[in-house]
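Below is work-v5.txt, which holds compact mmCIF, C-alpha atoms and all ligand atoms.
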```txt
# COMPACT_ATOMS: atom_id res chain seq x y z
CA MET A 1 59.60 120.27 209.29
CA VAL A 2 60.69 123.67 207.97
CA PHE A 3 64.22 122.38 207.67
CA GLY A 4 63.04 119.40 205.61
CA TRP A 5 61.09 121.70 203.34
CA VAL A 6 64.05 123.95 202.61
CA LYS A 7 66.25 120.92 202.02
CA LYS A 8 63.74 119.53 199.54
CA LEU A 9 63.60 122.86 197.73
CA LYS A 10 67.39 123.09 197.53
CA LYS A 11 67.69 119.53 196.28
CA GLY A 12 64.88 120.09 193.80
CA LEU A 13 66.54 123.17 192.37
CA SER A 14 70.07 121.80 192.47
CA LYS A 15 70.43 121.42 188.70
CA SER A 16 69.52 125.07 188.24
CA SER A 17 71.56 126.32 191.18
CA ASP A 18 74.58 124.26 190.12
CA LYS A 19 74.56 125.99 186.80
CA ILE A 20 74.11 129.50 188.16
CA SER A 21 76.21 129.17 191.27
CA THR A 22 79.10 127.28 189.70
CA GLY A 23 78.89 129.67 186.77
CA ILE A 24 79.25 132.70 189.02
CA ASN A 25 82.18 131.15 190.85
CA THR A 26 83.93 130.31 187.60
CA ILE A 27 83.41 133.73 186.09
CA ILE A 28 84.59 135.62 189.13
CA LYS A 29 87.53 133.50 190.19
CA GLY A 30 90.43 135.80 190.93
CA LYS A 31 89.16 138.50 188.61
CA LYS A 32 88.13 142.08 189.07
CA ILE A 33 84.68 142.95 187.88
CA ASP A 34 85.14 144.76 184.61
CA GLU A 35 82.86 145.14 181.59
CA ASN A 36 83.91 141.76 180.17
CA VAL A 37 83.14 139.95 183.39
CA VAL A 38 79.76 141.64 183.60
CA ASP A 39 79.01 140.56 180.03
CA GLU A 40 79.90 136.99 180.96
CA PHE A 41 77.46 137.24 183.87
CA GLU A 42 74.74 138.47 181.62
CA GLU A 43 75.27 135.52 179.26
CA LEU A 44 75.21 133.07 182.14
CA LEU A 45 71.92 134.43 183.43
CA ILE A 46 70.33 134.41 179.98
CA SER A 47 71.44 130.82 179.40
CA SER A 48 69.89 129.91 182.77
CA ASP A 49 66.49 131.03 181.46
CA LEU A 50 66.26 134.06 183.71
CA GLY A 51 65.27 136.11 180.68
CA VAL A 52 66.97 138.86 178.72
CA LYS A 53 65.27 141.63 180.67
CA PHE A 54 66.33 140.47 184.12
CA SER A 55 69.84 139.56 182.96
CA ALA A 56 70.31 143.05 181.51
CA GLU A 57 69.04 144.61 184.74
CA VAL A 58 71.59 142.63 186.77
CA ALA A 59 74.38 143.62 184.38
CA LYS A 60 73.38 147.27 184.64
CA LYS A 61 73.36 147.13 188.40
CA LEU A 62 76.76 145.46 188.55
CA LYS A 63 78.21 148.11 186.27
CA SER A 64 76.64 150.96 188.19
CA LYS A 65 77.90 149.65 191.50
CA LYS A 66 81.44 149.47 190.15
CA LEU A 67 81.98 146.46 192.31
CA ILE A 68 85.70 145.92 192.33
CA ASP A 69 87.23 142.84 193.97
CA THR A 70 83.74 141.74 194.78
CA SER A 71 83.19 138.41 196.42
CA THR A 72 80.86 135.83 194.94
CA ASP A 73 78.76 136.21 198.09
CA LYS A 74 78.17 139.89 197.41
CA ILE A 75 77.19 139.21 193.82
CA LYS A 76 74.85 136.42 194.84
CA THR A 77 73.24 138.59 197.49
CA LEU A 78 72.67 141.34 194.96
CA ILE A 79 71.06 138.91 192.50
CA ARG A 80 69.03 137.33 195.28
CA GLU A 81 67.58 140.66 196.29
CA MET A 82 66.62 141.45 192.72
CA LEU A 83 65.07 137.98 192.28
CA THR A 84 63.03 138.23 195.46
CA GLU A 85 61.70 141.62 194.49
CA ILE A 86 60.44 140.31 191.14
CA LEU A 87 59.09 137.01 192.47
CA LYS A 88 57.42 138.29 195.63
CA PRO A 89 54.24 139.46 193.87
CA LEU A 90 53.76 135.90 192.57
CA GLU A 91 53.21 134.40 195.99
CA THR A 92 49.60 133.36 196.44
CA LYS A 93 47.43 133.78 199.42
CA ARG A 94 45.19 130.79 199.00
CA GLU A 95 41.57 131.25 199.91
CA PHE A 96 39.95 127.91 200.60
CA PHE A 97 36.24 127.96 199.98
CA SER A 98 33.91 126.16 202.29
CA PRO A 99 32.16 123.76 202.21
CA LEU A 100 33.65 122.61 198.89
CA HIS A 101 36.69 124.09 197.16
CA ILE A 102 37.03 123.22 193.47
CA ILE A 103 40.23 123.38 191.43
CA LEU A 104 40.26 122.81 187.68
CA VAL A 105 43.72 121.67 186.58
CA VAL A 106 44.70 122.42 182.97
CA GLY A 107 47.82 122.12 180.84
CA VAL A 108 49.27 120.41 177.79
CA ASN A 109 49.87 116.71 177.41
CA GLY A 110 52.57 115.42 179.75
CA ALA A 111 53.02 118.66 181.70
CA GLY A 112 52.41 116.83 184.98
CA LYS A 113 48.71 117.50 185.63
CA THR A 114 47.79 114.08 186.99
CA ALA A 115 50.83 113.81 189.24
CA THR A 116 50.18 117.34 190.51
CA VAL A 117 46.53 116.55 191.24
CA GLY A 118 47.77 113.59 193.30
CA LYS A 119 50.30 115.72 195.14
CA ILE A 120 47.76 118.44 195.92
CA ALA A 121 45.35 115.76 197.17
CA ASN A 122 48.08 114.47 199.45
CA LYS A 123 48.85 117.95 200.78
CA PHE A 124 45.25 118.57 201.79
CA LEU A 125 44.69 115.08 203.15
CA LEU A 126 47.52 115.82 205.54
CA GLU A 127 45.46 118.84 206.59
CA LYS A 128 42.58 116.48 207.31
CA LYS A 129 40.47 117.60 204.36
CA LYS A 130 38.22 115.18 202.54
CA VAL A 131 39.47 115.17 198.95
CA GLY A 132 38.02 113.93 195.67
CA VAL A 133 39.64 113.73 192.22
CA VAL A 134 37.83 113.72 188.88
CA ALA A 135 39.24 111.97 185.79
CA ALA A 136 37.91 114.47 183.26
CA ASP A 137 40.10 113.10 180.47
CA THR A 138 37.53 110.53 179.37
CA PHE A 139 39.08 109.93 175.95
CA ARG A 140 42.28 108.25 177.04
CA ALA A 141 41.78 105.08 179.07
CA ALA A 142 45.27 105.33 180.58
CA ALA A 143 44.51 108.83 181.86
CA LYS A 144 41.79 107.42 184.08
CA GLU A 145 44.00 104.58 185.32
CA GLN A 146 46.84 106.96 186.13
CA LEU A 147 44.59 109.16 188.22
CA LYS A 148 43.09 106.09 189.92
CA ILE A 149 46.59 105.14 191.09
CA TRP A 150 47.04 108.61 192.59
CA ALA A 151 43.60 108.43 194.21
CA ASP A 152 44.50 105.11 195.86
CA ARG A 153 47.91 106.43 196.89
CA THR A 154 46.35 109.42 198.60
CA ASN A 155 43.11 107.88 199.87
CA SER A 156 41.00 110.30 197.90
CA ILE A 157 37.60 109.66 196.39
CA PHE A 158 37.84 108.84 192.70
CA PHE A 159 35.28 110.06 190.18
CA SER A 160 35.33 108.81 186.60
CA GLY A 161 33.02 108.27 183.65
CA LYS A 162 32.68 105.80 180.82
CA GLU A 163 35.22 105.97 178.05
CA PHE A 164 34.42 108.78 175.58
CA SER A 165 31.69 110.17 177.81
CA ASP A 166 31.25 113.93 178.07
CA PRO A 167 33.84 115.41 180.49
CA ALA A 168 31.60 118.37 181.32
CA ALA A 169 28.74 116.09 182.36
CA LEU A 170 31.16 114.04 184.48
CA CYS A 171 32.40 117.20 186.23
CA PHE A 172 28.83 118.31 186.89
CA GLU A 173 27.84 114.94 188.39
CA SER A 174 31.07 114.66 190.39
CA ILE A 175 30.56 118.05 191.99
CA LYS A 176 27.03 117.13 193.02
CA LYS A 177 28.26 113.85 194.52
CA ALA A 178 31.14 115.61 196.26
CA GLN A 179 28.66 118.05 197.81
CA ASP A 180 26.44 115.18 198.97
CA MET A 181 29.42 113.35 200.43
CA GLY A 182 30.61 116.44 202.29
CA LEU A 183 34.00 116.61 200.57
CA ASN A 184 36.13 119.69 201.19
CA LEU A 185 38.23 119.71 198.03
CA LEU A 186 37.58 118.51 194.49
CA LEU A 187 40.43 118.41 191.96
CA ILE A 188 39.48 118.11 188.30
CA ASP A 189 42.18 116.56 186.09
CA THR A 190 41.54 117.59 182.48
CA ALA A 191 42.79 116.24 179.14
CA GLY A 192 46.01 117.61 177.68
CA ARG A 193 46.03 115.71 174.43
CA LEU A 194 43.72 117.77 172.27
CA HIS A 195 44.27 118.15 168.57
CA ASN A 196 44.21 121.89 168.31
CA LYS A 197 43.47 125.08 170.17
CA LYS A 198 39.83 125.01 169.12
CA ASP A 199 39.26 121.52 170.60
CA LEU A 200 40.91 122.60 173.81
CA MET A 201 38.93 125.80 173.92
CA ASP A 202 35.63 124.02 173.26
CA GLU A 203 36.20 121.32 175.85
CA LEU A 204 37.42 123.60 178.62
CA SER A 205 34.80 126.24 178.01
CA LYS A 206 32.08 123.60 178.06
CA ILE A 207 33.34 122.26 181.41
CA LEU A 208 33.38 125.79 182.80
CA ARG A 209 29.94 126.63 181.41
CA VAL A 210 28.37 123.47 182.76
CA ILE A 211 29.81 123.59 186.25
CA LYS A 212 28.92 127.26 186.61
CA LYS A 213 25.31 126.18 186.32
CA LEU A 214 25.69 124.68 189.78
CA ASP A 215 27.26 127.80 191.23
CA ASP A 216 28.70 130.80 189.44
CA SER A 217 31.74 130.80 191.72
CA PHE A 218 32.79 127.32 190.47
CA PRO A 219 35.61 126.49 189.95
CA HIS A 220 37.31 128.55 192.62
CA GLU A 221 40.65 128.07 190.94
CA VAL A 222 41.90 127.32 187.46
CA ALA A 223 45.46 126.09 187.85
CA LEU A 224 47.76 125.88 184.82
CA VAL A 225 50.45 123.20 185.00
CA LEU A 226 53.65 124.04 183.12
CA ASP A 227 56.62 121.73 182.61
CA GLY A 228 59.77 123.50 183.85
CA ASN A 229 61.82 121.72 181.16
CA ILE A 230 60.34 123.82 178.40
CA GLY A 231 61.90 126.95 179.87
CA GLN A 232 60.76 130.15 178.26
CA ASN A 233 58.36 128.40 175.87
CA SER A 234 56.12 128.19 178.91
CA ILE A 235 55.26 131.87 178.44
CA GLN A 236 53.69 131.21 175.06
CA GLN A 237 51.89 128.13 176.36
CA ALA A 238 50.45 130.14 179.22
CA GLN A 239 49.26 132.85 176.79
CA VAL A 240 47.26 130.23 174.87
CA PHE A 241 45.56 128.97 178.04
CA LYS A 242 44.97 132.53 179.20
CA GLU A 243 42.86 133.09 176.08
CA ILE A 244 40.84 129.97 176.83
CA CYS A 245 40.18 130.19 180.53
CA ASN A 246 40.68 132.47 183.42
CA ILE A 247 43.85 130.99 184.89
CA ASN A 248 44.42 132.23 188.39
CA ASN A 249 47.50 130.32 189.34
CA ILE A 250 50.41 128.47 187.79
CA ILE A 251 52.17 125.31 188.94
CA ILE A 252 55.66 124.66 187.57
CA THR A 253 56.58 120.98 187.56
CA LYS A 254 59.76 118.94 187.06
CA LEU A 255 62.09 121.63 188.38
CA ASP A 256 64.19 118.79 189.78
CA GLY A 257 65.01 117.59 186.28
CA THR A 258 66.08 120.83 184.68
CA ALA A 259 68.61 123.66 184.94
CA LYS A 260 65.90 126.04 183.73
CA GLY A 261 64.50 126.96 187.14
CA GLY A 262 65.27 130.60 186.39
CA VAL A 263 62.24 130.61 184.10
CA LEU A 264 60.10 131.79 186.98
CA VAL A 265 61.58 135.25 186.45
CA PRO A 266 60.34 135.81 182.87
CA ILE A 267 57.07 134.19 183.93
CA ALA A 268 56.77 136.80 186.66
CA GLN A 269 57.75 139.66 184.38
CA GLN A 270 55.59 138.72 181.43
CA LEU A 271 52.53 136.97 182.83
CA SER A 272 51.94 138.25 186.32
CA ILE A 273 49.88 135.22 187.27
CA PRO A 274 50.61 133.89 190.77
CA ILE A 275 52.59 130.68 191.21
CA SER A 276 50.96 128.43 193.76
CA TYR A 277 53.24 125.39 193.78
CA ILE A 278 56.40 123.99 192.31
CA GLY A 279 56.96 120.30 191.56
CA VAL A 280 60.33 118.87 192.53
CA GLY A 281 59.94 115.13 192.02
CA GLU A 282 57.61 112.23 191.27
CA GLN A 283 56.56 111.32 194.79
CA LYS A 284 53.41 112.51 196.48
CA GLU A 285 55.37 114.78 198.84
CA ASP A 286 57.27 116.48 196.01
CA LEU A 287 55.14 119.60 195.71
CA LEU A 288 56.15 122.77 197.51
CA ASP A 289 54.31 125.99 198.21
CA PHE A 290 55.94 128.77 196.26
CA ASN A 291 57.85 131.24 198.42
CA ALA A 292 59.86 133.96 196.66
CA ASP A 293 62.53 134.35 199.29
CA ASN A 294 63.25 130.66 199.71
CA PHE A 295 63.13 130.06 195.98
CA SER A 296 65.66 132.85 195.32
CA LYS A 297 68.00 131.52 197.98
CA ALA A 298 67.76 127.96 196.69
CA LEU A 299 68.34 129.05 193.10
CA LEU A 300 71.58 130.75 194.11
CA ASP A 301 72.51 128.13 196.67
CA ILE A 302 72.62 130.59 199.56
CA ASN A 303 71.63 129.61 203.08
N1 LIG B 1 60.83 114.55 188.12
C1 LIG B 1 59.57 114.97 188.10
N2 LIG B 1 58.66 114.32 187.36
C2 LIG B 1 57.39 114.77 187.37
C3 LIG B 1 56.99 115.91 188.12
N3 LIG B 1 55.67 116.10 187.88
C4 LIG B 1 55.26 115.13 187.05
N4 LIG B 1 56.30 114.32 186.71
C5 LIG B 1 56.32 113.16 185.80
O1 LIG B 1 56.00 113.59 184.49
C6 LIG B 1 55.31 112.57 183.78
C7 LIG B 1 54.01 113.13 183.20
O2 LIG B 1 53.17 113.51 184.27
P1 LIG B 1 51.59 113.38 184.24
O3 LIG B 1 51.09 113.82 185.53
O4 LIG B 1 51.17 112.05 183.74
O5 LIG B 1 51.27 114.47 183.11
P2 LIG B 1 49.84 114.90 182.54
O6 LIG B 1 49.89 116.36 182.31
O7 LIG B 1 48.78 114.37 183.38
O8 LIG B 1 49.85 114.16 181.11
P3 LIG B 1 48.56 113.81 180.19
O9 LIG B 1 47.56 113.15 181.05
O10 LIG B 1 49.15 112.91 179.14
O11 LIG B 1 48.10 115.10 179.61
C8 LIG B 1 55.08 111.46 184.80
O12 LIG B 1 56.06 110.47 184.62
C9 LIG B 1 55.25 112.15 186.14
O13 LIG B 1 55.69 111.29 187.17
C10 LIG B 1 57.98 116.60 188.90
O14 LIG B 1 57.76 117.61 189.57
N5 LIG B 1 59.25 116.08 188.84
MG MG B 2 47.23 113.05 182.98
```

Conversion result in structure tokens:
Amino acid sequence: MVFGWVKKLKKGLSKSSDKISTGINTIIKGKKIDENVVDEFEELLISSDLGVKFSAEVAKKLKSKKLIDTSTDKIKTLIREMLTEILKPLETKREFFSPLHIILVVGVNGAGKTATVGKIANKFLLEKKKVGVVAADTFRAAAKEQLKIWADRTNSIFFSGKEFSDPAALCFESIKKAQDMGLNLLLIDTAGRLHNKKDLMDELSKILRVIKKLDDSFPHEVALVLDGNIGQNSIQQAQVFKEICNINNIIITKLDGTAKGGVLVPIAQQLSIPISYIGVGEQKEDLLDFNADNFSKALLDIN
């Protein structure tokens, strides 16, 4: 099981690790580490979305160590240690509230919210939890259908409202039903396609206001879904959502389709919001718990 998990992570991050790892090998091949080589490293790391700050720190360390005739393994180990140190504080210790744990899932259009809701549902169903999903994007008919497919795929209870009905009212009713039915987890899939920040703010704050009437601790989590393909633009996107709602964890999707997996580093350095999961594919199993050590190893293709 653990082996399968690591393999999935490595495969999921292979586009990013190919770029970084092959890049390191190419830069170092048969050369001594001088200032020029270190500069090349720094450029490689920046172009892999690891951020200017981290890349400069690595360059500084390489220079200070005066690593001459260094092997690629030594360099990778050094970078891995620095990565792990930065990413470690982002690991989440998930507290699962009983009897009903509620997660509000937010993010822009197309980020991967619906697929992620389905994958989280699957994860907890495997842990024998009773899971429900709420189609809180009531304005787009396809949004409801897409979530229904995930609900069927994962045997979770599906809650939806009439087209154009009030999402906050639907969330309120769904929570009450979920409580009556004895569900353990309720995942609320919200709309991403809103015209401007004010619309988004109004809709999300209304959902939050309304469900807090049931219990002030609801929702237990607000999870922000970010598309890994957008690289460092994700920082700005997260800042916007941070102003709107109290995000307490981030999920980075589509890491399998991008070489920008390094973006977790600037996310860690600039946002300090925990990362709960990473998405590495379109199937229901393609969601992994975030672990700093394993992520760093996979990114550098080290065993
Ligand atoms: N390769 C890959 N594709 C993903 C991943 N997560 C989501 N996708 C795909 O990305 C596309 C958009 O995902 P959705 O879940 O529909 O995104 P959304 O945020 O719900 O979009 P809206 O409802 O339009 O706001 C779909 O084709 C998903 O299958 C991932 O981790 N890897
Ligand atoms: Mg959706």

Expected selection as a list in words for ligand MG 2 (chain B) within 6 Å, all atoms listed in the file: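 The neighbouring residues of ligand MG 2 (chain B) are, in order, Lys113, Thr114 and Ala143 of chain A.
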
Which chain A residues have any atom within 9 Å of an atom of ligand LIG 1 (chain B), and for each, what is the nearest pair of atoms with distance in Å to one decimal, counting only C-alpha atoms and all ligand atoms, rows sorted by chain and number, as JSON lines?
```
{"residue": "A:Gly12", "atom": "CA", "partner": "B:LIG1", "partner_atom": "N5", "distance": 8.5}
{"residue": "A:Val106", "atom": "CA", "partner": "B:LIG1", "partner_atom": "O6", "distance": 8.0}
{"residue": "A:Gly107", "atom": "CA", "partner": "B:LIG1", "partner_atom": "O6", "distance": 6.3}
{"residue": "A:Val108", "atom": "CA", "partner": "B:LIG1", "partner_atom": "O11", "distance": 5.7}
{"residue": "A:Asn109", "atom": "CA", "partner": "B:LIG1", "partner_atom": "O11", "distance": 3.3}
{"residue": "A:Gly110", "atom": "CA", "partner": "B:LIG1", "partner_atom": "O8", "distance": 3.3}
{"residue": "A:Ala111", "atom": "CA", "partner": "B:LIG1", "partner_atom": "O6", "distance": 3.9}
{"residue": "A:Gly112", "atom": "CA", "partner": "B:LIG1", "partner_atom": "O5", "distance": 3.2}
{"residue": "A:Lys113", "atom": "CA", "partner": "B:LIG1", "partner_atom": "O6", "distance": 3.7}
{"residue": "A:Thr114", "atom": "CA", "partner": "B:LIG1", "partner_atom": "O3", "distance": 3.6}
{"residue": "A:Ala115", "atom": "CA", "partner": "B:LIG1", "partner_atom": "O3", "distance": 3.7}
{"residue": "A:Thr116", "atom": "CA", "partner": "B:LIG1", "partner_atom": "O3", "distance": 6.2}
{"residue": "A:Val117", "atom": "CA", "partner": "B:LIG1", "partner_atom": "O3", "distance": 7.8}
{"residue": "A:Gly118", "atom": "CA", "partner": "B:LIG1", "partner_atom": "O3", "distance": 8.5}
{"residue": "A:Asp137", "atom": "CA", "partner": "B:LIG1", "partner_atom": "O9", "distance": 7.5}
{"residue": "A:Arg140", "atom": "CA", "partner": "B:LIG1", "partner_atom": "O9", "distance": 8.2}
{"residue": "A:Ala142", "atom": "CA", "partner": "B:LIG1", "partner_atom": "O9", "distance": 8.2}
{"residue": "A:Ala143", "atom": "CA", "partner": "B:LIG1", "partner_atom": "O9", "distance": 5.3}
{"residue": "A:Lys144", "atom": "CA", "partner": "B:LIG1", "partner_atom": "O9", "distance": 8.7}
{"residue": "A:Gln146", "atom": "CA", "partner": "B:LIG1", "partner_atom": "O4", "distance": 7.1}
{"residue": "A:Leu147", "atom": "CA", "partner": "B:LIG1", "partner_atom": "O7", "distance": 8.3}
{"residue": "A:Asp189", "atom": "CA", "partner": "B:LIG1", "partner_atom": "O7", "distance": 7.5}
{"residue": "A:Thr190", "atom": "CA", "partner": "B:LIG1", "partner_atom": "O11", "distance": 7.6}
{"residue": "A:Ala191", "atom": "CA", "partner": "B:LIG1", "partner_atom": "O11", "distance": 5.5}
{"residue": "A:Gly192", "atom": "CA", "partner": "B:LIG1", "partner_atom": "O11", "distance": 3.8}
{"residue": "A:Arg193", "atom": "CA", "partner": "B:LIG1", "partner_atom": "O11", "distance": 5.6}
{"residue": "A:Leu194", "atom": "CA", "partner": "B:LIG1", "partner_atom": "O11", "distance": 9.0}
{"residue": "A:Val225", "atom": "CA", "partner": "B:LIG1", "partner_atom": "O6", "distance": 7.4}
{"residue": "A:Leu226", "atom": "CA", "partner": "B:LIG1", "partner_atom": "O6", "distance": 8.6}
{"residue": "A:Asp227", "atom": "CA", "partner": "B:LIG1", "partner_atom": "N3", "distance": 7.8}
{"residue": "A:Gly228", "atom": "CA", "partner": "B:LIG1", "partner_atom": "O14", "distance": 8.5}
{"residue": "A:Ile252", "atom": "CA", "partner": "B:LIG1", "partner_atom": "O14", "distance": 7.6}
{"residue": "A:Thr253", "atom": "CA", "partner": "B:LIG1", "partner_atom": "O14", "distance": 4.1}
{"residue": "A:Lys254", "atom": "CA", "partner": "B:LIG1", "partner_atom": "N5", "distance": 3.4}
{"residue": "A:Leu255", "atom": "CA", "partner": "B:LIG1", "partner_atom": "O14", "distance": 6.0}
{"residue": "A:Asp256", "atom": "CA", "partner": "B:LIG1", "partner_atom": "N1", "distance": 5.7}
{"residue": "A:Gly257", "atom": "CA", "partner": "B:LIG1", "partner_atom": "N1", "distance": 5.5}
{"residue": "A:Thr258", "atom": "CA", "partner": "B:LIG1", "partner_atom": "N1", "distance": 8.9}
{"residue": "A:Ile278", "atom": "CA", "partner": "B:LIG1", "partner_atom": "O14", "distance": 7.1}
{"residue": "A:Gly279", "atom": "CA", "partner": "B:LIG1", "partner_atom": "O14", "distance": 3.4}
{"residue": "A:Val280", "atom": "CA", "partner": "B:LIG1", "partner_atom": "O14", "distance": 4.1}
{"residue": "A:Gly281", "atom": "CA", "partner": "B:LIG1", "partner_atom": "N5", "distance": 3.4}
{"residue": "A:Glu282", "atom": "CA", "partner": "B:LIG1", "partner_atom": "N2", "distance": 4.6}
{"residue": "A:Gln283", "atom": "CA", "partner": "B:LIG1", "partner_atom": "O13", "distance": 7.7}
{"residue": "A:Asp286", "atom": "CA", "partner": "B:LIG1", "partner_atom": "O14", "distance": 6.6}
{"residue": "A:Leu287", "atom": "CA", "partner": "B:LIG1", "partner_atom": "O14", "distance": 7.0}
```

Would you pick out the contacts of A:Ala136 at 10 Å or less, using all atoms listed in the file, so that residues sharing its chain but fewer than 6 positions from it are not included, and give the list as a compact mmCIF listing (two decimals) with C-alpha atoms, keeping the file's coordinate frame?
```txt
# COMPACT_ATOMS: atom_id res chain seq x y z
CA LEU A 104 40.26 122.81 187.68
CA VAL A 105 43.72 121.67 186.58
CA ALA A 143 44.51 108.83 181.86
CA LYS A 144 41.79 107.42 184.08
CA LEU A 147 44.59 109.16 188.22
CA PHE A 159 35.28 110.06 190.18
CA SER A 160 35.33 108.81 186.60
CA GLY A 161 33.02 108.27 183.65
CA SER A 165 31.69 110.17 177.81
CA ASP A 166 31.25 113.93 178.07
CA PRO A 167 33.84 115.41 180.49
CA ALA A 168 31.60 118.37 181.32
CA ALA A 169 28.74 116.09 182.36
CA LEU A 170 31.16 114.04 184.48
CA CYS A 171 32.40 117.20 186.23
CA SER A 174 31.07 114.66 190.39
CA LEU A 187 40.43 118.41 191.96
CA ILE A 188 39.48 118.11 188.30
CA ASP A 189 42.18 116.56 186.09
CA THR A 190 41.54 117.59 182.48
CA ALA A 191 42.79 116.24 179.14
CA ILE A 207 33.34 122.26 181.41
```

Could you list, with a cut-off of 9 Å and counting only C-alpha atoms, the residues of stretch 128-194 of chain A near stretch 92-102 of chain A, each shown with its nearest atom pair and the distance in Å rounded to one decimal, rows sorted by chain and ascending number, as CSV?
```
residue,atom,partner,partner_atom,distance
A:Ile175,CA,A:Ile102,CA,8.4
A:Ala178,CA,A:Leu100,CA,7.9
A:Gln179,CA,A:Leu100,CA,6.8
A:Gly182,CA,A:Pro99,CA,7.5
A:Leu183,CA,A:Leu100,CA,6.2
A:Asn184,CA,A:Leu100,CA,4.5
A:Leu185,CA,A:His101,CA,4.7
A:Leu186,CA,A:Ile102,CA,4.9
A:Leu187,CA,A:Ile102,CA,6.1
A:Ile188,CA,A:Ile102,CA,7.7
```

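Rounded to one decimal, atom CA of A:Asn155 and atom CA of A:Val222 lie 23.1 Å from each other.
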
For A:Asp289, which of A:Asn25, A:Ile250, A:Asn196, A:Ser272 is the closest residue, counting only C-alpha atoms?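 Closest to A:Asp289, using only C-alpha atoms: A:Ile250.
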
For the atom pair atom CA of A:Ile46 and atom CA of A:Phe295, what is the interatomic distance in Å to one decimal place? 18.1 Å

Atom CA of A:Leu208 and atom CA of A:Val263 are how many Å apart? 29.3 Å

Find the residue from A:Asp152, A:Asp293, A:Glu203, A:Glu285 that sits nearest to A:Leu126; use all atoms listed in the file when measuring. A:Glu285
